[in-house]
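Student: I am sharing start.pdb, which consists of PDB, C-alpha atoms:
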MODEL        1
ATOM      1  CA  MET A   1       5.305  20.648 -13.062
ATOM      2  CA  THR A   2       2.761  18.631 -15.019
ATOM      3  CA  ALA A   3       0.615  15.924 -13.413
ATOM      4  CA  GLU A   4       2.410  13.212 -15.380
ATOM      5  CA  LYS A   5       5.832  14.442 -14.323
ATOM      6  CA  PHE A   6       4.802  14.597 -10.667
ATOM      7  CA  PHE A   7       3.103  11.187 -10.554
ATOM      8  CA  THR A   8       6.016   9.473 -12.304
ATOM      9  CA  SER A   9       8.649  10.994 -10.034
ATOM     10  CA  LYS A  10       9.856   8.944  -7.063
ATOM     11  CA  MET A  11       8.718  11.564  -4.561
ATOM     12  CA  GLY A  12       5.360  11.949  -6.314
ATOM     13  CA  VAL A  13       4.626   8.208  -6.320
ATOM     14  CA  ILE A  14       5.628   7.752  -2.674
ATOM     15  CA  SER A  15       3.794  10.821  -1.350
ATOM     16  CA  ALA A  16       0.589  10.189  -3.320
ATOM     17  CA  ALA A  17       0.482   6.458  -2.472
ATOM     18  CA  LEU A  18       1.208   7.126   1.202
ATOM     19  CA  PHE A  19      -1.479   9.782   1.455
ATOM     20  CA  ALA A  20      -4.087   7.705  -0.370
ATOM     21  CA  THR A  21      -3.496   4.620   1.795
ATOM     22  CA  PHE A  22      -3.444   6.778   4.926
ATOM     23  CA  LEU A  23      -6.830   8.220   3.984
ATOM     24  CA  TRP A  24      -8.329   4.765   3.394
ATOM     25  CA  GLY A  25      -6.849   3.439   6.640
ATOM     26  CA  SER A  26      -8.280   6.374   8.589
ATOM     27  CA  ALA A  27     -11.823   5.443   7.513
ATOM     28  CA  PHE A  28     -12.047   2.725  10.175
ATOM     29  CA  PRO A  29     -11.678   4.941  13.260
ATOM     30  CA  ALA A  30     -13.623   7.766  11.574
ATOM     31  CA  ILE A  31     -16.658   5.515  11.017
ATOM     32  CA  LYS A  32     -16.488   4.116  14.558
ATOM     33  CA  LEU A  33     -16.233   7.641  15.998
ATOM     34  CA  SER A  34     -19.230   8.706  13.898
ATOM     35  CA  TYR A  35     -21.275   5.857  15.364
ATOM     36  CA  ILE A  36     -20.336   6.972  18.877
ATOM     37  CA  GLU A  37     -21.017  10.685  18.344
ATOM     38  CA  LEU A  38     -24.321  10.127  16.502
ATOM     39  CA  SER A  39     -25.416   7.409  18.950
ATOM     40  CA  ILE A  40     -25.777   4.789  16.207
ATOM     41  CA  GLY A  41     -26.082   1.384  17.870
ATOM     42  CA  ALA A  42     -24.833  -1.940  16.530
ATOM     43  CA  ASN A  43     -28.411  -3.049  15.852
ATOM     44  CA  GLU A  44     -29.527   0.202  14.187
ATOM     45  CA  TYR A  45     -28.871  -0.994  10.654
ATOM     46  CA  ASP A  46     -31.120   1.592   9.056
ATOM     47  CA  LYS A  47     -29.152   4.501  10.544
ATOM     48  CA  GLN A  48     -25.859   2.868   9.579
ATOM     49  CA  LEU A  49     -26.982   2.569   5.948
ATOM     50  CA  LEU A  50     -28.344   6.111   5.913
ATOM     51  CA  PHE A  51     -25.063   7.481   7.250
ATOM     52  CA  ALA A  52     -23.130   5.497   4.617
ATOM     53  CA  GLY A  53     -25.457   6.881   1.942
ATOM     54  CA  TYR A  54     -24.814  10.459   3.073
ATOM     55  CA  ARG A  55     -21.076   9.831   2.924
ATOM     56  CA  PHE A  56     -20.948   8.456  -0.616
ATOM     57  CA  LEU A  57     -23.430  10.969  -1.953
ATOM     58  CA  LEU A  58     -21.089  13.708  -0.719
ATOM     59  CA  ALA A  59     -18.058  11.848  -2.107
ATOM     60  CA  GLY A  60     -19.694  11.634  -5.530
ATOM     61  CA  VAL A  61     -20.503  15.346  -5.401
ATOM     62  CA  PHE A  62     -16.885  16.125  -4.481
ATOM     63  CA  ILE A  63     -15.662  14.171  -7.535
ATOM     64  CA  PHE A  64     -18.133  15.980  -9.792
ATOM     65  CA  ILE A  65     -16.946  19.346  -8.461
ATOM     66  CA  PHE A  66     -13.265  18.443  -8.785
ATOM     67  CA  PHE A  67     -13.428  17.347 -12.410
ATOM     68  CA  THR A  68     -15.836  20.132 -13.384
ATOM     69  CA  LEU A  69     -13.263  22.653 -12.138
ATOM     70  CA  PHE A  70     -10.811  21.093 -14.614
ATOM     71  CA  ASN A  71     -13.346  21.370 -17.442
ATOM     72  CA  GLN A  72     -13.924  17.612 -17.683
ATOM     73  CA  SER A  73     -17.506  16.861 -18.673
ATOM     74  CA  LEU A  74     -19.280  14.216 -16.588
ATOM     75  CA  LYS A  75     -22.662  14.510 -18.303
ATOM     76  CA  LEU A  76     -24.608  11.259 -17.963
ATOM     77  CA  ARG A  77     -24.916   9.240 -21.159
ATOM     78  CA  ARG A  78     -28.013   7.046 -21.545
ATOM     79  CA  ALA A  79     -26.050   4.102 -22.949
ATOM     80  CA  THR A  80     -23.993   3.850 -19.760
ATOM     81  CA  LEU A  81     -26.922   4.004 -17.335
ATOM     82  CA  VAL A  82     -27.459   0.257 -16.799
ATOM     83  CA  PRO A  83     -23.732  -0.634 -16.396
ATOM     84  CA  LEU A  84     -23.323   2.226 -13.912
ATOM     85  CA  ILE A  85     -26.349   1.163 -11.855
ATOM     86  CA  GLN A  86     -25.058  -2.434 -11.795
ATOM     87  CA  LEU A  87     -21.635  -1.281 -10.632
ATOM     88  CA  GLY A  88     -23.094   1.085  -8.035
ATOM     89  CA  PHE A  89     -25.235  -1.756  -6.690
ATOM     90  CA  VAL A  90     -22.208  -4.019  -6.118
ATOM     91  CA  GLN A  91     -19.345  -1.632  -5.391
ATOM     92  CA  THR A  92     -21.148   0.925  -3.229
ATOM     93  CA  PHE A  93     -24.574  -0.378  -2.149
ATOM     94  CA  ILE A  94     -23.821  -4.049  -1.359
ATOM     95  CA  GLN A  95     -20.228  -3.523  -0.250
ATOM     96  CA  TYR A  96     -20.966  -0.726   2.195
ATOM     97  CA  LEU A  97     -24.269  -2.162   3.403
ATOM     98  CA  LEU A  98     -22.257  -5.143   4.618
ATOM     99  CA  PHE A  99     -19.229  -3.083   5.655
ATOM    100  CA  TYR A 100     -21.038  -0.534   7.823
ATOM    101  CA  ILE A 101     -23.128  -3.160   9.597
ATOM    102  CA  GLY A 102     -20.117  -5.458  10.025
ATOM    103  CA  LEU A 103     -17.914  -2.704  11.436
ATOM    104  CA  SER A 104     -20.543  -1.854  14.056
ATOM    105  CA  TYR A 105     -20.019  -5.360  15.513
ATOM    106  CA  SER A 106     -16.247  -5.391  15.101
ATOM    107  CA  THR A 107     -13.335  -3.288  16.316
ATOM    108  CA  GLY A 108     -11.584  -0.808  14.057
ATOM    109  CA  MET A 109      -8.421  -2.927  14.187
ATOM    110  CA  GLN A 110     -10.208  -6.116  13.164
ATOM    111  CA  GLY A 111     -11.970  -4.273  10.357
ATOM    112  CA  ALA A 112      -8.694  -2.837   9.072
ATOM    113  CA  VAL A 113      -6.972  -6.239   8.962
ATOM    114  CA  ILE A 114      -9.950  -7.951   7.309
ATOM    115  CA  ALA A 115     -10.070  -5.163   4.699
ATOM    116  CA  GLY A 116      -6.711  -6.396   3.451
ATOM    117  CA  THR A 117      -8.395  -9.556   2.133
ATOM    118  CA  ALA A 118      -9.947  -7.626  -0.773
ATOM    119  CA  SER A 119      -6.693  -8.120  -2.708
ATOM    120  CA  PHE A 120      -6.894 -11.884  -2.191
ATOM    121  CA  PHE A 121     -10.540 -12.154  -3.215
ATOM    122  CA  GLN A 122      -9.808 -10.178  -6.378
ATOM    123  CA  ILE A 123      -7.061 -12.611  -7.347
ATOM    124  CA  ILE A 124      -9.359 -15.587  -6.685
ATOM    125  CA  PHE A 125     -12.157 -14.091  -8.805
ATOM    126  CA  ALA A 126      -9.697 -13.317 -11.616
ATOM    127  CA  HIS A 127      -8.599 -16.963 -11.609
ATOM    128  CA  PHE A 128     -12.133 -18.103 -12.453
ATOM    129  CA  LEU A 129     -13.031 -15.235 -14.788
ATOM    130  CA  TYR A 130      -9.887 -14.915 -16.914
ATOM    131  CA  ALA A 131      -8.092 -17.817 -18.591
ATOM    132  CA  ASP A 132      -4.743 -15.980 -18.591
ATOM    133  CA  ASP A 133      -4.834 -14.983 -14.903
ATOM    134  CA  GLY A 134      -4.504 -18.262 -13.034
ATOM    135  CA  LEU A 135      -3.374 -18.891  -9.486
ATOM    136  CA  SER A 136       0.338 -19.612  -9.196
ATOM    137  CA  LEU A 137       2.017 -21.201  -6.182
ATOM    138  CA  ARG A 138       3.232 -17.745  -5.138
ATOM    139  CA  LYS A 139      -0.308 -16.395  -5.135
ATOM    140  CA  TRP A 140      -1.622 -19.402  -3.219
ATOM    141  CA  ILE A 141       1.022 -18.821  -0.547
ATOM    142  CA  GLY A 142       0.139 -15.127  -0.293
ATOM    143  CA  ILE A 143      -3.587 -15.879  -0.055
ATOM    144  CA  ALA A 144      -3.020 -18.543   2.608
ATOM    145  CA  LEU A 145      -0.922 -16.138   4.681
ATOM    146  CA  GLY A 146      -3.532 -13.388   4.321
ATOM    147  CA  PHE A 147      -6.501 -15.458   5.422
ATOM    148  CA  GLY A 148      -4.367 -16.999   8.136
ATOM    149  CA  GLY A 149      -3.766 -13.480   9.417
ATOM    150  CA  VAL A 150      -7.514 -12.857   9.622
ATOM    151  CA  LEU A 151      -7.949 -16.004  11.716
ATOM    152  CA  VAL A 152      -5.079 -15.023  14.007
ATOM    153  CA  VAL A 153      -6.598 -11.590  14.617
ATOM    154  CA  ASN A 154      -9.731 -13.294  15.912
ATOM    155  CA  LEU A 155      -7.977 -15.838  18.137
ATOM    156  CA  PRO A 156      -9.323 -15.798  21.706
ATOM    157  CA  LYS A 157      -7.572 -13.697  24.303
ATOM    158  CA  VAL A 158      -7.053 -15.099  27.794
ATOM    159  CA  GLY A 159     -10.405 -16.188  29.211
ATOM    160  CA  ALA A 160     -12.311 -15.275  26.033
ATOM    161  CA  ASP A 161     -14.004 -17.210  23.248
ATOM    162  CA  PHE A 162     -13.074 -17.276  19.575
ATOM    163  CA  GLN A 163     -14.195 -13.890  18.267
ATOM    164  CA  PHE A 164     -15.011 -14.522  14.600
ATOM    165  CA  GLY A 165     -18.678 -13.535  14.685
ATOM    166  CA  ILE A 166     -21.306 -11.859  12.520
ATOM    167  CA  GLY A 167     -19.335  -8.617  12.261
ATOM    168  CA  GLU A 168     -16.207 -10.269  10.927
ATOM    169  CA  LEU A 169     -18.232 -12.456   8.567
ATOM    170  CA  LEU A 170     -20.056  -9.438   7.102
ATOM    171  CA  LEU A 171     -16.746  -7.611   6.658
ATOM    172  CA  LEU A 172     -15.295 -10.580   4.765
ATOM    173  CA  ILE A 173     -18.331 -10.708   2.454
ATOM    174  CA  ALA A 174     -18.028  -6.940   1.990
ATOM    175  CA  MET A 175     -14.435  -7.446   0.818
ATOM    176  CA  MET A 176     -15.687 -10.076  -1.637
ATOM    177  CA  ALA A 177     -18.127  -7.485  -3.012
ATOM    178  CA  SER A 178     -15.311  -4.932  -3.173
ATOM    179  CA  ALA A 179     -13.088  -7.330  -5.120
ATOM    180  CA  TYR A 180     -15.804  -8.289  -7.578
ATOM    181  CA  GLY A 181     -16.779  -4.626  -7.947
ATOM    182  CA  ASN A 182     -13.194  -3.769  -8.850
ATOM    183  CA  ILE A 183     -13.250  -6.379 -11.612
ATOM    184  CA  MET A 184     -16.578  -5.004 -12.873
ATOM    185  CA  ALA A 185     -15.108  -1.501 -12.853
ATOM    186  CA  ARG A 186     -12.045  -2.587 -14.822
ATOM    187  CA  GLU A 187     -14.234  -4.134 -17.513
ATOM    188  CA  ARG A 188     -16.491  -1.088 -17.752
ATOM    189  CA  SER A 189     -13.579   1.360 -17.708
ATOM    190  CA  SER A 190     -12.683   0.276 -21.254
ATOM    191  CA  LYS A 191     -15.820   2.100 -22.424
ATOM    192  CA  MET A 192     -16.054   4.854 -19.808
ATOM    193  CA  ASP A 193     -13.622   7.323 -18.301
ATOM    194  CA  ILE A 194     -12.743   6.222 -14.772
ATOM    195  CA  SER A 195     -13.730   9.529 -13.152
ATOM    196  CA  TYR A 196     -17.128   9.421 -14.886
ATOM    197  CA  LEU A 197     -17.612   5.776 -13.901
ATOM    198  CA  THR A 198     -16.679   6.267 -10.240
ATOM    199  CA  ALA A 199     -18.674   9.450  -9.691
ATOM    200  CA  TYR A 200     -21.897   7.942 -11.013
ATOM    201  CA  GLN A 201     -21.534   4.530  -9.384
ATOM    202  CA  MET A 202     -21.044   6.310  -6.045
ATOM    203  CA  LEU A 203     -24.078   8.474  -6.753
ATOM    204  CA  PHE A 204     -26.352   5.562  -7.691
ATOM    205  CA  GLY A 205     -25.081   3.343  -4.868
ATOM    206  CA  SER A 206     -25.512   6.112  -2.293
ATOM    207  CA  ILE A 207     -29.110   6.720  -3.386
ATOM    208  CA  GLY A 208     -29.810   3.030  -2.733
ATOM    209  CA  LEU A 209     -28.243   3.250   0.723
ATOM    210  CA  ILE A 210     -30.198   6.400   1.592
ATOM    211  CA  ILE A 211     -33.502   4.850   0.494
ATOM    212  CA  ALA A 212     -32.782   1.569   2.334
ATOM    213  CA  GLY A 213     -31.861   3.351   5.555
ATOM    214  CA  GLY A 214     -34.275   6.253   5.371
ATOM    215  CA  TRP A 215     -37.286   4.004   4.712
ATOM    216  CA  SER A 216     -37.142   2.846   8.339
ATOM    217  CA  ALA A 217     -35.136   5.487  10.210
ATOM    218  CA  GLY A 218     -36.454   8.543   8.392
ATOM    219  CA  PHE A 219     -34.212  10.589   6.161
ATOM    220  CA  PHE A 220     -33.054  13.084   8.815
ATOM    221  CA  PRO A 221     -32.753  11.181  12.120
ATOM    222  CA  PHE A 222     -29.363  12.601  13.101
ATOM    223  CA  THR A 223     -28.531  15.705  15.090
ATOM    224  CA  PHE A 224     -25.304  17.015  13.624
ATOM    225  CA  ASP A 225     -22.891  19.410  15.293
ATOM    226  CA  TRP A 226     -19.646  20.825  13.964
ATOM    227  CA  TYR A 227     -17.703  17.727  15.011
ATOM    228  CA  THR A 228     -20.027  15.181  13.369
ATOM    229  CA  VAL A 229     -20.324  17.340  10.255
ATOM    230  CA  GLY A 230     -16.540  17.347  10.150
ATOM    231  CA  LEU A 231     -16.462  13.552  10.462
ATOM    232  CA  ILE A 232     -18.860  12.901   7.577
ATOM    233  CA  MET A 233     -17.189  15.550   5.420
ATOM    234  CA  TYR A 234     -13.836  13.926   6.121
ATOM    235  CA  LEU A 235     -15.170  10.466   5.244
ATOM    236  CA  ALA A 236     -16.552  11.829   1.981
ATOM    237  CA  PHE A 237     -13.293  13.644   1.287
ATOM    238  CA  LEU A 238     -11.126  10.579   1.885
ATOM    239  CA  SER A 239     -13.193   8.537  -0.581
ATOM    240  CA  ALA A 240     -12.984  11.222  -3.260
ATOM    241  CA  ALA A 241      -9.373  12.293  -2.645
ATOM    242  CA  GLY A 242      -8.120   8.735  -2.249
ATOM    243  CA  PHE A 243      -9.688   7.893  -5.602
ATOM    244  CA  VAL A 244      -8.131  10.893  -7.364
ATOM    245  CA  LEU A 245      -4.645  10.297  -5.955
ATOM    246  CA  TRP A 246      -4.509   6.524  -6.363
ATOM    247  CA  ASN A 247      -5.879   6.487  -9.874
ATOM    248  CA  ASN A 248      -3.391   9.095 -11.003
ATOM    249  CA  VAL A 249      -0.578   6.998  -9.531
ATOM    250  CA  MET A 250      -1.907   3.908 -11.328
ATOM    251  CA  LYS A 251      -2.449   5.814 -14.557
ATOM    252  CA  TYR A 252       1.184   6.860 -14.949
ATOM    253  CA  ASN A 253       3.033   3.883 -13.426
ATOM    254  CA  LYS A 254       3.370   0.120 -13.784
ATOM    255  CA  VAL A 255       1.422  -2.207 -11.538
ATOM    256  CA  GLY A 256       4.381  -3.684  -9.661
ATOM    257  CA  LYS A 257       5.771  -0.265  -8.822
ATOM    258  CA  VAL A 258       2.781   0.860  -6.771
ATOM    259  CA  SER A 259       0.453  -2.063  -5.994
ATOM    260  CA  MET A 260       2.427  -3.183  -2.952
ATOM    261  CA  TYR A 261       1.622   0.138  -1.246
ATOM    262  CA  LEU A 262      -1.842  -1.345  -0.613
ATOM    263  CA  PHE A 263      -0.387  -3.211   2.376
ATOM    264  CA  LEU A 264      -0.313   0.156   4.153
ATOM    265  CA  VAL A 265      -4.129   0.374   4.304
ATOM    266  CA  PRO A 266      -4.516  -2.207   7.105
ATOM    267  CA  VAL A 267      -1.332  -0.912   8.762
ATOM    268  CA  PHE A 268      -2.670   2.646   8.942
ATOM    269  CA  GLY A 269      -6.099   1.336   9.939
ATOM    270  CA  VAL A 270      -4.708  -0.588  12.925
ATOM    271  CA  VAL A 271      -2.413   2.217  14.103
ATOM    272  CA  LEU A 272      -5.083   4.922  13.785
ATOM    273  CA  SER A 273      -7.713   2.767  15.497
ATOM    274  CA  ALA A 274      -5.317   2.317  18.424
ATOM    275  CA  ALA A 275      -4.678   6.066  18.534
ATOM    276  CA  PHE A 276      -8.238   7.404  18.185
ATOM    277  CA  LEU A 277     -10.395   4.581  19.547
ATOM    278  CA  ASP A 278      -8.108   3.518  22.414
ATOM    279  CA  GLU A 279      -8.265  -0.064  21.166
ATOM    280  CA  VAL A 280      -5.654  -2.371  22.663
ATOM    281  CA  MET A 281      -3.115  -3.668  20.165
ATOM    282  CA  HIS A 282      -2.908  -7.300  21.309
ATOM    283  CA  TYR A 283      -0.121  -9.501  19.997
ATOM    284  CA  THR A 284      -2.679 -11.376  17.879
ATOM    285  CA  ILE A 285      -3.490  -8.122  16.066
ATOM    286  CA  LEU A 286       0.191  -7.538  15.295
ATOM    287  CA  ILE A 287       0.778 -11.112  14.115
ATOM    288  CA  GLY A 288      -2.383 -11.102  12.004
ATOM    289  CA  LEU A 289      -1.509  -7.715  10.527
ATOM    290  CA  ALA A 290       1.982  -8.957   9.656
ATOM    291  CA  LEU A 291       0.579 -12.049   7.916
ATOM    292  CA  VAL A 292      -1.956 -10.039   5.892
ATOM    293  CA  THR A 293       0.712  -7.480   4.976
ATOM    294  CA  VAL A 294       3.175 -10.135   3.789
ATOM    295  CA  GLY A 295       0.370 -11.864   1.889
ATOM    296  CA  ILE A 296      -0.543  -8.653   0.046
ATOM    297  CA  ILE A 297       3.105  -8.041  -0.859
ATOM    298  CA  ILE A 298       3.547 -11.610  -2.133
ATOM    299  CA  VAL A 299       0.442 -11.698  -4.331
ATOM    300  CA  ASN A 300       1.224  -8.280  -5.827
ATOM    301  CA  ARG A 301       4.927  -8.964  -6.375
ATOM    302  CA  GLN A 302       5.901  -8.869 -10.036
ATOM    303  CA  LYS A 303       8.700 -10.924 -11.585
ATOM    304  CA  VAL A 304      11.569  -8.750 -12.687
ATOM    305  CA  ASN A 305      11.555  -9.970 -16.284
ATOM    306  CA  LYS A 306       7.800 -10.217 -16.636
ATOM    307  CA  LYS A 307       6.214  -7.639 -18.902
ATOM    308  CA  GLU A 308       3.934  -5.408 -16.826
ATOM    309  CA  GLU A 309       0.820  -3.727 -18.052
ATOM    310  CA  LYS A 310      -0.689  -0.602 -16.620
ATOM    311  CA  LEU A 311      -3.645  -1.361 -14.428
ATOM    312  CA  GLN A 312      -6.749   0.630 -15.214
ATOM    313  CA  PRO A 313      -7.675   2.337 -11.950
ATOM    314  CA  THR A 314     -10.888   1.213 -10.343
ATOM    315  CA  GLY A 315     -11.682   3.840  -7.700
TER     316      GLY A 315
ENDMDL
END
How does the structure come out when it is put into structure tokens?
Tutor:
Amino acid sequence: MTAEKFFTSKMGVISAALFATFLWGSAFPAIKLSYIELSIGANEYDKQLLFAGYRFLLAGVFIFIFFTLFNQSLKLRRATLVPLIQLGFVQTFIQYLLFYIGLSYSTGMQGAVIAGTASFFQIIFAHFLYADDGLSLRKWIGIALGFGGVLVVNLPKVGADFQFGIGELLLLIAMMASAYGNIMARERSSKMDISYLTAYQMLFGSIGLIIAGGWSAGFFPFTFDWYTVGLIMYLAFLSAAGFVLWNNVMKYNKVGKVSMYLFLVPVFGVVLSAAFLDEVMHYTILIGLALVTVGIIIVNRQKVNKKEEKLQPTG
């Protein structure tokens, strides 16, 4: 069976989309567990950035290896150097600088729900950047529900204060960087193959993270064992494998057929955080997750008679 035949089949689309979103959702507990096992504190920003840099350097290497095995050349071209560095700065360096620090102050469940806002930020940015991609009433409703879900997740529990603090704020800004980075990637993908673009932006962004973290913490401050090596290898794998699977699904299918699967990322993130981090699934988490999920479905819903274009994958 060819790749195109598999990724256009019903079973192929469902299995690939489910696995990709599961991988992305599992990142939240995996990062939190890494912090625990490597004794990375909430205020140890340098170690958090260094760990993130290790992860995305490995992920970039995995992508290079994968496509090299299929005889696809990823040799760096001088003309693409500046656009790739710019993309790596936004999509990997800035996004994950904010994300890793923010997640250290937040729970895995809160992080997973907030991550769902990336879809909403991307739609808002597109409204201001593209004349033919305005905000309809349907999109406004979806965005309002999504951000409402984020607020609900952070509502105070009995005897507690409102919990929207520095961690949640950094995660929201990280999702803004993610959304803008996706738009940058779409524009640059018209001149570069998506695998080439993603591998190098991860590489350049990870180098920035390693330098930023290693400058203060040293470049080898961690004591790894088999378990922590497994965690960082898994985190690198999920970034690389999620990219390969999702972009193949997007390459061979219409937007409306697969984009709604993105609602599963926060769902998997919440469920896996409850399972592996023993976080309590309060009713506010469930209500907030439901609102974000419905919001994602609404903003990505395509009209039946509307002509759909294939979305260039963004990694």
Student: Residues at most 8 Å from segment 47-55 of chain A, counting all atoms listed in the file, excluding those fewer than 6 positions away in the same chain, as a PyMOL selection string?
Tutor: chain A and resi 35+40+96-97+100-101+205-214+217+219+221+232-233+235-236
Student: Keeping C-alpha atoms, export the residues of the selection given above as a compact mmCIF listing (two decimals), keeping the file's coordinate frame.
Tutor:
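Result saved to part.txt:
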# COMPACT_ATOMS: atom_id res chain seq x y z
CA TYR A 35 -21.28 5.86 15.36
CA ILE A 40 -25.78 4.79 16.21
CA TYR A 96 -20.97 -0.73 2.19
CA LEU A 97 -24.27 -2.16 3.40
CA TYR A 100 -21.04 -0.53 7.82
CA ILE A 101 -23.13 -3.16 9.60
CA GLY A 205 -25.08 3.34 -4.87
CA SER A 206 -25.51 6.11 -2.29
CA ILE A 207 -29.11 6.72 -3.39
CA GLY A 208 -29.81 3.03 -2.73
CA LEU A 209 -28.24 3.25 0.72
CA ILE A 210 -30.20 6.40 1.59
CA ILE A 211 -33.50 4.85 0.49
CA ALA A 212 -32.78 1.57 2.33
CA GLY A 213 -31.86 3.35 5.56
CA GLY A 214 -34.28 6.25 5.37
CA ALA A 217 -35.14 5.49 10.21
CA PHE A 219 -34.21 10.59 6.16
CA PRO A 221 -32.75 11.18 12.12
CA ILE A 232 -18.86 12.90 7.58
CA MET A 233 -17.19 15.55 5.42
CA LEU A 235 -15.17 10.47 5.24
CA ALA A 236 -16.55 11.83 1.98
Student: Between atom CA of Gly146 of chain A and atom CA of Phe22 of chain A, what is the distance, to one decimal in Å?
Tutor: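 Between these atoms lies a distance of 20.2 Å.
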Student: So which one's closest to Ile173 of chain A, A:Gly149, A:Gly230, A:Gly295, A:Gly102? Using only C-alpha atoms, please.
Tutor: A:Gly102
Student: Here is a test: counting all atoms listed in the file, which residue of A:Phe263, A:Phe222, A:Tyr196, A:Phe243 is nearest to Arg77 of chain A?
Tutor: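 Checking each candidate against Arg77 of chain A, we get A:Tyr196 as the closest.
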Student: A:Ile285, A:Ala126, A:Val265, A:Met192: which is nearest Tyr180 of chain A, counting only C-alpha atoms?
Tutor: A:Ala126
Student: I'd like the residues picked by the PyMOL selection byres ((chain A and resi 103) around 9) written out as a PyMOL selection string, using the chain letters and numbers from the file.
Tutor: chain A and resi 28+31-32+42+98-102+104-108+110-111+167-168+170-171
Student: Using only C-alpha atoms, which of A:Leu272, A:Leu38, A:Gln95, A:Phe56 sits nearest Trp226 of chain A?
Tutor: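 Closest to Trp226 of chain A of all the choices is A:Leu38.
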Student: Taking all atoms listed in the file into account, which of A:Ala16, A:Ala30, A:Ala112, A:Met202 comes nearest Gln91 of chain A?
Tutor: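 Checking each of A:Ala16, A:Ala30, A:Ala112, A:Met202 against Gln91 of chain A, counting all atoms listed in the file, the winner is A:Met202.
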Student: Show me a table, sorted first by chain and then by increasing residue number, of the residues of segment 28-127 of chain A having an atom at most 12 Å from segment 244-258 of chain A, each with its shortest atom pair and the distance in Å to one decimal, counting only C-alpha atoms and written as CSV.
Tutor:
residue,atom,partner,partner_atom,distance
A:Ala59,CA,A:Val244,CA,11.3
A:Gly60,CA,A:Val244,CA,11.7
A:Phe62,CA,A:Val244,CA,10.6
A:Ile63,CA,A:Val244,CA,8.2
A:Phe64,CA,A:Val244,CA,11.5
A:Phe66,CA,A:Val244,CA,9.2
A:Phe67,CA,A:Val244,CA,9.8
Student: If I take atom CA of Phe89 of chain A and atom CA of Asn43 of chain A, how far is one from the other in Å, to one decimal?
Tutor: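 Between atom CA of Phe89 of chain A and atom CA of Asn43 of chain A the gap works out to 22.8 Å.
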